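> Provided below: data-v8.cif, containing mmCIF, C-alpha atoms and all ligand atoms.
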```
data_upload
loop_
_atom_site.label_atom_id
_atom_site.label_comp_id
_atom_site.auth_asym_id
_atom_site.auth_seq_id
_atom_site.Cartn_x
_atom_site.Cartn_y
_atom_site.Cartn_z
CA MET A 1 40.87 -11.88 -29.57
CA PHE A 2 39.32 -15.02 -28.13
CA ARG A 3 38.76 -13.28 -24.81
CA ALA A 4 37.09 -10.32 -26.50
CA GLY A 5 34.75 -12.73 -28.27
CA VAL A 6 33.76 -14.36 -25.01
CA VAL A 7 33.15 -10.99 -23.39
CA ALA A 8 30.98 -9.91 -26.33
CA MET A 9 28.95 -13.12 -26.10
CA VAL A 10 28.44 -12.74 -22.37
CA GLY A 11 27.30 -9.17 -23.01
CA LEU A 12 24.77 -10.40 -25.54
CA ALA A 13 23.49 -13.07 -23.19
CA ILE A 14 22.98 -10.48 -20.46
CA SER A 15 21.13 -8.04 -22.68
CA ALA A 16 19.00 -10.84 -24.16
CA GLY A 17 18.22 -11.98 -20.63
CA ALA A 18 17.19 -8.47 -19.60
CA GLY A 19 14.84 -8.32 -22.60
CA VAL A 20 13.29 -11.64 -21.63
CA ALA A 21 12.46 -10.21 -18.22
CA LEU A 22 10.00 -7.91 -19.95
CA GLU A 23 8.30 -10.58 -22.03
CA GLY A 24 4.70 -11.13 -21.10
CA GLY A 25 3.73 -7.46 -21.15
CA ASP A 26 0.24 -6.99 -22.57
CA PRO A 27 -0.33 -3.61 -24.24
CA ALA A 28 -4.12 -3.82 -23.83
CA LYS A 29 -3.79 -4.35 -20.08
CA GLY A 30 -1.08 -1.68 -20.11
CA GLU A 31 -3.57 0.80 -21.52
CA GLN A 32 -5.67 0.24 -18.38
CA VAL A 33 -2.60 0.66 -16.15
CA PHE A 34 -1.73 3.85 -18.04
CA LYS A 35 -4.94 5.42 -16.69
CA GLN A 36 -2.96 5.93 -13.46
CA CYS A 37 -0.20 7.68 -15.41
CA MET A 38 -2.80 9.90 -17.10
CA THR A 39 -3.24 11.86 -13.89
CA CYS A 40 -0.03 13.50 -15.10
CA HIS A 41 0.99 12.22 -18.55
CA ARG A 42 -0.46 12.21 -22.06
CA ILE A 43 0.57 9.93 -24.91
CA GLY A 44 -0.29 9.76 -28.60
CA PRO A 45 0.30 11.87 -31.72
CA ASP A 46 -1.36 15.03 -30.37
CA ALA A 47 -0.23 14.69 -26.73
CA LYS A 48 0.68 17.85 -24.81
CA ASN A 49 2.80 18.28 -21.69
CA ALA A 50 0.75 18.23 -18.49
CA VAL A 51 1.93 17.75 -14.90
CA GLY A 52 4.42 15.34 -16.49
CA PRO A 53 6.08 15.36 -19.93
CA VAL A 54 4.56 13.79 -23.05
CA LEU A 55 5.39 10.07 -23.16
CA THR A 56 4.98 9.56 -26.92
CA GLY A 57 8.29 8.10 -28.14
CA VAL A 58 9.72 7.92 -24.62
CA ILE A 59 11.51 4.62 -25.28
CA GLY A 60 14.85 5.69 -26.73
CA ARG A 61 14.61 9.23 -25.26
CA GLN A 62 17.37 10.87 -23.22
CA PRO A 63 15.74 11.69 -19.86
CA GLY A 64 14.82 15.32 -19.41
CA THR A 65 14.71 16.27 -23.09
CA TYR A 66 11.06 16.48 -24.16
CA PRO A 67 10.65 20.06 -25.49
CA ALA A 68 9.13 22.77 -23.28
CA PHE A 69 8.84 20.67 -20.12
CA ALA A 70 10.35 22.03 -16.88
CA TYR A 71 12.18 18.94 -15.62
CA SER A 72 13.86 18.52 -12.24
CA GLU A 73 17.64 18.81 -12.11
CA LEU A 74 17.83 15.17 -11.01
CA ASN A 75 15.98 13.97 -14.11
CA LYS A 76 18.06 16.14 -16.48
CA HIS A 77 21.38 15.21 -14.86
CA ALA A 78 20.67 11.49 -15.28
CA GLY A 79 20.13 12.03 -19.00
CA GLU A 80 23.29 14.12 -19.30
CA ALA A 81 25.19 11.33 -17.51
CA GLY A 82 24.15 8.84 -20.19
CA LEU A 83 20.83 7.33 -19.07
CA VAL A 84 18.49 6.38 -21.91
CA TRP A 85 14.86 5.37 -21.42
CA SER A 86 14.44 1.77 -22.53
CA GLU A 87 12.07 -1.03 -21.56
CA ASP A 88 14.59 -2.13 -18.94
CA THR A 89 15.41 1.28 -17.46
CA ILE A 90 11.72 2.29 -17.23
CA PHE A 91 10.97 -1.08 -15.60
CA GLU A 92 13.48 -0.28 -12.83
CA TYR A 93 12.63 3.43 -12.64
CA LEU A 94 8.90 2.99 -11.96
CA VAL A 95 9.53 1.18 -8.66
CA ASP A 96 11.05 4.33 -7.14
CA PRO A 97 11.95 7.12 -9.61
CA SER A 98 14.09 9.27 -7.32
CA ALA A 99 16.04 6.34 -5.90
CA PHE A 100 16.64 4.94 -9.39
CA LEU A 101 18.00 8.23 -10.75
CA LYS A 102 20.19 8.80 -7.69
CA LYS A 103 21.66 5.33 -7.96
CA PHE A 104 22.34 5.85 -11.66
CA LEU A 105 24.20 9.10 -10.98
CA THR A 106 26.11 7.65 -8.03
CA ASP A 107 27.16 4.62 -10.09
CA LYS A 108 28.43 7.06 -12.75
CA GLY A 109 30.61 8.78 -10.13
CA LYS A 110 28.32 11.81 -9.95
CA ALA A 111 27.14 11.50 -6.36
CA ASP A 112 27.28 15.32 -6.12
CA GLN A 113 24.36 15.46 -8.59
CA ALA A 114 22.40 12.69 -6.87
CA THR A 115 20.51 15.13 -4.70
CA GLY A 116 16.96 16.45 -4.49
CA SER A 117 14.17 14.40 -5.99
CA THR A 118 12.35 13.94 -9.24
CA LYS A 119 9.02 15.66 -9.81
CA MET A 120 7.52 12.24 -10.51
CA VAL A 121 6.09 11.33 -7.12
CA PHE A 122 4.29 8.24 -8.44
CA LYS A 123 5.62 4.70 -7.86
CA LEU A 124 4.51 1.44 -9.44
CA ALA A 125 5.74 -1.65 -7.59
CA ASN A 126 3.62 -4.34 -9.26
CA GLU A 127 5.87 -6.21 -11.70
CA GLN A 128 3.15 -7.36 -14.12
CA GLN A 129 1.63 -3.88 -14.26
CA ARG A 130 5.06 -2.45 -15.07
CA LYS A 131 5.52 -4.98 -17.90
CA ASP A 132 2.05 -4.22 -19.24
CA VAL A 133 2.39 -0.44 -19.14
CA ILE A 134 5.80 -0.63 -20.85
CA ALA A 135 4.29 -2.83 -23.59
CA TYR A 136 1.70 -0.06 -24.03
CA LEU A 137 4.37 2.70 -24.10
CA LYS A 138 6.20 0.66 -26.73
CA THR A 139 3.25 0.90 -29.11
CA PHE A 140 4.05 4.65 -29.21
CA SER A 141 7.81 4.03 -29.68
CA PRO A 142 7.56 1.21 -32.21
CA ASP A 143 11.20 1.13 -33.40
CA LYS A 144 12.78 1.13 -29.97
CA LYS A 145 13.75 -1.57 -27.46
C1 LIG A 201 1.60 12.42 -10.05
C2 LIG A 201 1.99 12.68 -11.42
C3 LIG A 201 2.62 11.54 -12.20
C4 LIG A 201 2.15 10.26 -12.38
C5 LIG A 201 0.87 9.64 -11.83
C6 LIG A 201 3.10 9.60 -13.25
N1 LIG A 201 4.13 10.45 -13.58
FE1 LIG A 201 5.72 10.05 -14.77
N2 LIG A 201 6.45 11.92 -14.46
C7 LIG A 201 5.80 12.90 -13.74
C8 LIG A 201 6.61 14.10 -13.75
C9 LIG A 201 6.26 15.44 -13.07
C10 LIG A 201 7.78 13.79 -14.49
C11 LIG A 201 8.99 14.69 -14.71
C12 LIG A 201 10.02 14.29 -13.66
C13 LIG A 201 11.10 15.29 -13.35
O1 LIG A 201 11.29 16.27 -14.08
O2 LIG A 201 11.76 15.08 -12.33
C14 LIG A 201 7.62 12.41 -14.92
C15 LIG A 201 8.56 11.73 -15.68
C16 LIG A 201 8.37 10.47 -16.22
C17 LIG A 201 9.29 9.79 -17.09
C18 LIG A 201 10.61 10.38 -17.60
C19 LIG A 201 10.31 11.17 -18.87
C20 LIG A 201 11.45 11.98 -19.46
O3 LIG A 201 11.20 12.59 -20.51
O4 LIG A 201 12.54 12.00 -18.90
C21 LIG A 201 8.75 8.57 -17.41
C22 LIG A 201 9.35 7.50 -18.29
C23 LIG A 201 7.49 8.49 -16.71
N3 LIG A 201 7.30 9.65 -15.99
C24 LIG A 201 6.63 7.42 -16.79
C25 LIG A 201 5.44 7.30 -16.06
C26 LIG A 201 4.56 6.17 -16.14
C27 LIG A 201 4.73 4.98 -17.07
C28 LIG A 201 3.54 6.41 -15.26
C29 LIG A 201 2.39 5.49 -14.89
C30 LIG A 201 2.75 4.13 -14.54
C31 LIG A 201 3.79 7.70 -14.65
N4 LIG A 201 4.94 8.22 -15.17
C32 LIG A 201 2.98 8.29 -13.69
C33 LIG A 201 4.61 12.80 -13.09
C34 LIG A 201 3.85 11.65 -12.97
#
```
Please, can you express the file's structure as structure tokens?

Amino acid sequence: MFRAGVVAMVGLAISAGAGVALEGGDPAKGEQVFKQCMTCHRIGPDAKNAVGPVLTGVIGRQPGTYPAFAYSELNKHAGEAGLVWSEDTIFEYLVDPSAFLKKFLTDKGKADQATGSTKMVFKLANEQQRKDVIAYLKTFSPDKK
């Protein structure tokens, strides 16, 4: 009982810490960063799929599930294996989408599915830009973390 309590508290501390890592994201600056994403993505109430899927409401989405978009197997498999798009997972993903999804599947014991690559060829290394663009995405997924 006591042990379970400690484990639960450690879990909370870790998730709170992960959230803190994303503090300092500025949605207005993120809107500028998002111009790079707009080569392929649209966001907003009337957004349509383009080269990439609609990103309205992406925080909280199971990867690979936006209607009528032809996702890669890698992207769909990660969602089927339990990945959920959150501020934290998108923050990691943007650095190297294919590597992130392969690692997720491998860690889940599904190395056989960790093949090929995602259709998202874009990478965003800059940490502040990732925080800002996620703060912007969040304004279109207001209830999600
Ligand atoms: C060169 C085109 C391109 C650019 C630029 C691009 N993306 Fe993507 N993105 C894609 C494609 C294509 C997919 C679908 C990936 C797949 O099916 O493997 C995708 C998928 C995603 C997903 C997963 C969505 C889902 O429903 O599973 C997220 C999140 C995402 N992109 C965020 C971003 C953000 C944020 C930016 C800008 C910082 C960005 N992308 C820039 C093409 C792009």
> So how many Å separate CA of Ser98 (chain A) and CA of Glu80 (chain A), to one decimal?
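A separation of 15.9 Å between them.
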> Using CA of Lys138 (chain A) and CA of Thr39 (chain A) as the two end points, give the distance in Å to one decimal.
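Separation between CA of Lys138 (chain A) and CA of Thr39 (chain A): 19.5 Å.
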> 6 Å from ligand LIG 201 (chain A) is the threshold here; counting all atoms listed in the file, which polymer residues fall inside it? Answer as JSON, numbers by chain.
{"A": [34, 36, 37, 39, 40, 51, 52, 53, 63, 64, 65, 66, 71, 72, 75, 90, 118, 119, 120, 121, 122]}
> Rounded to one decimal, what separation in Å do you get between CA of Asp107 (chain A) and CA of Tyr93 (chain A)?
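These two atoms are separated by 14.8 Å.
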> Counting only C-alpha atoms, which of A:Ile59, A:Ala28, A:Ala114, A:Ala50 gets nearest to Val84 (chain A)?
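Answer, going by the shortest atom-to-atom distance: A:Ile59.
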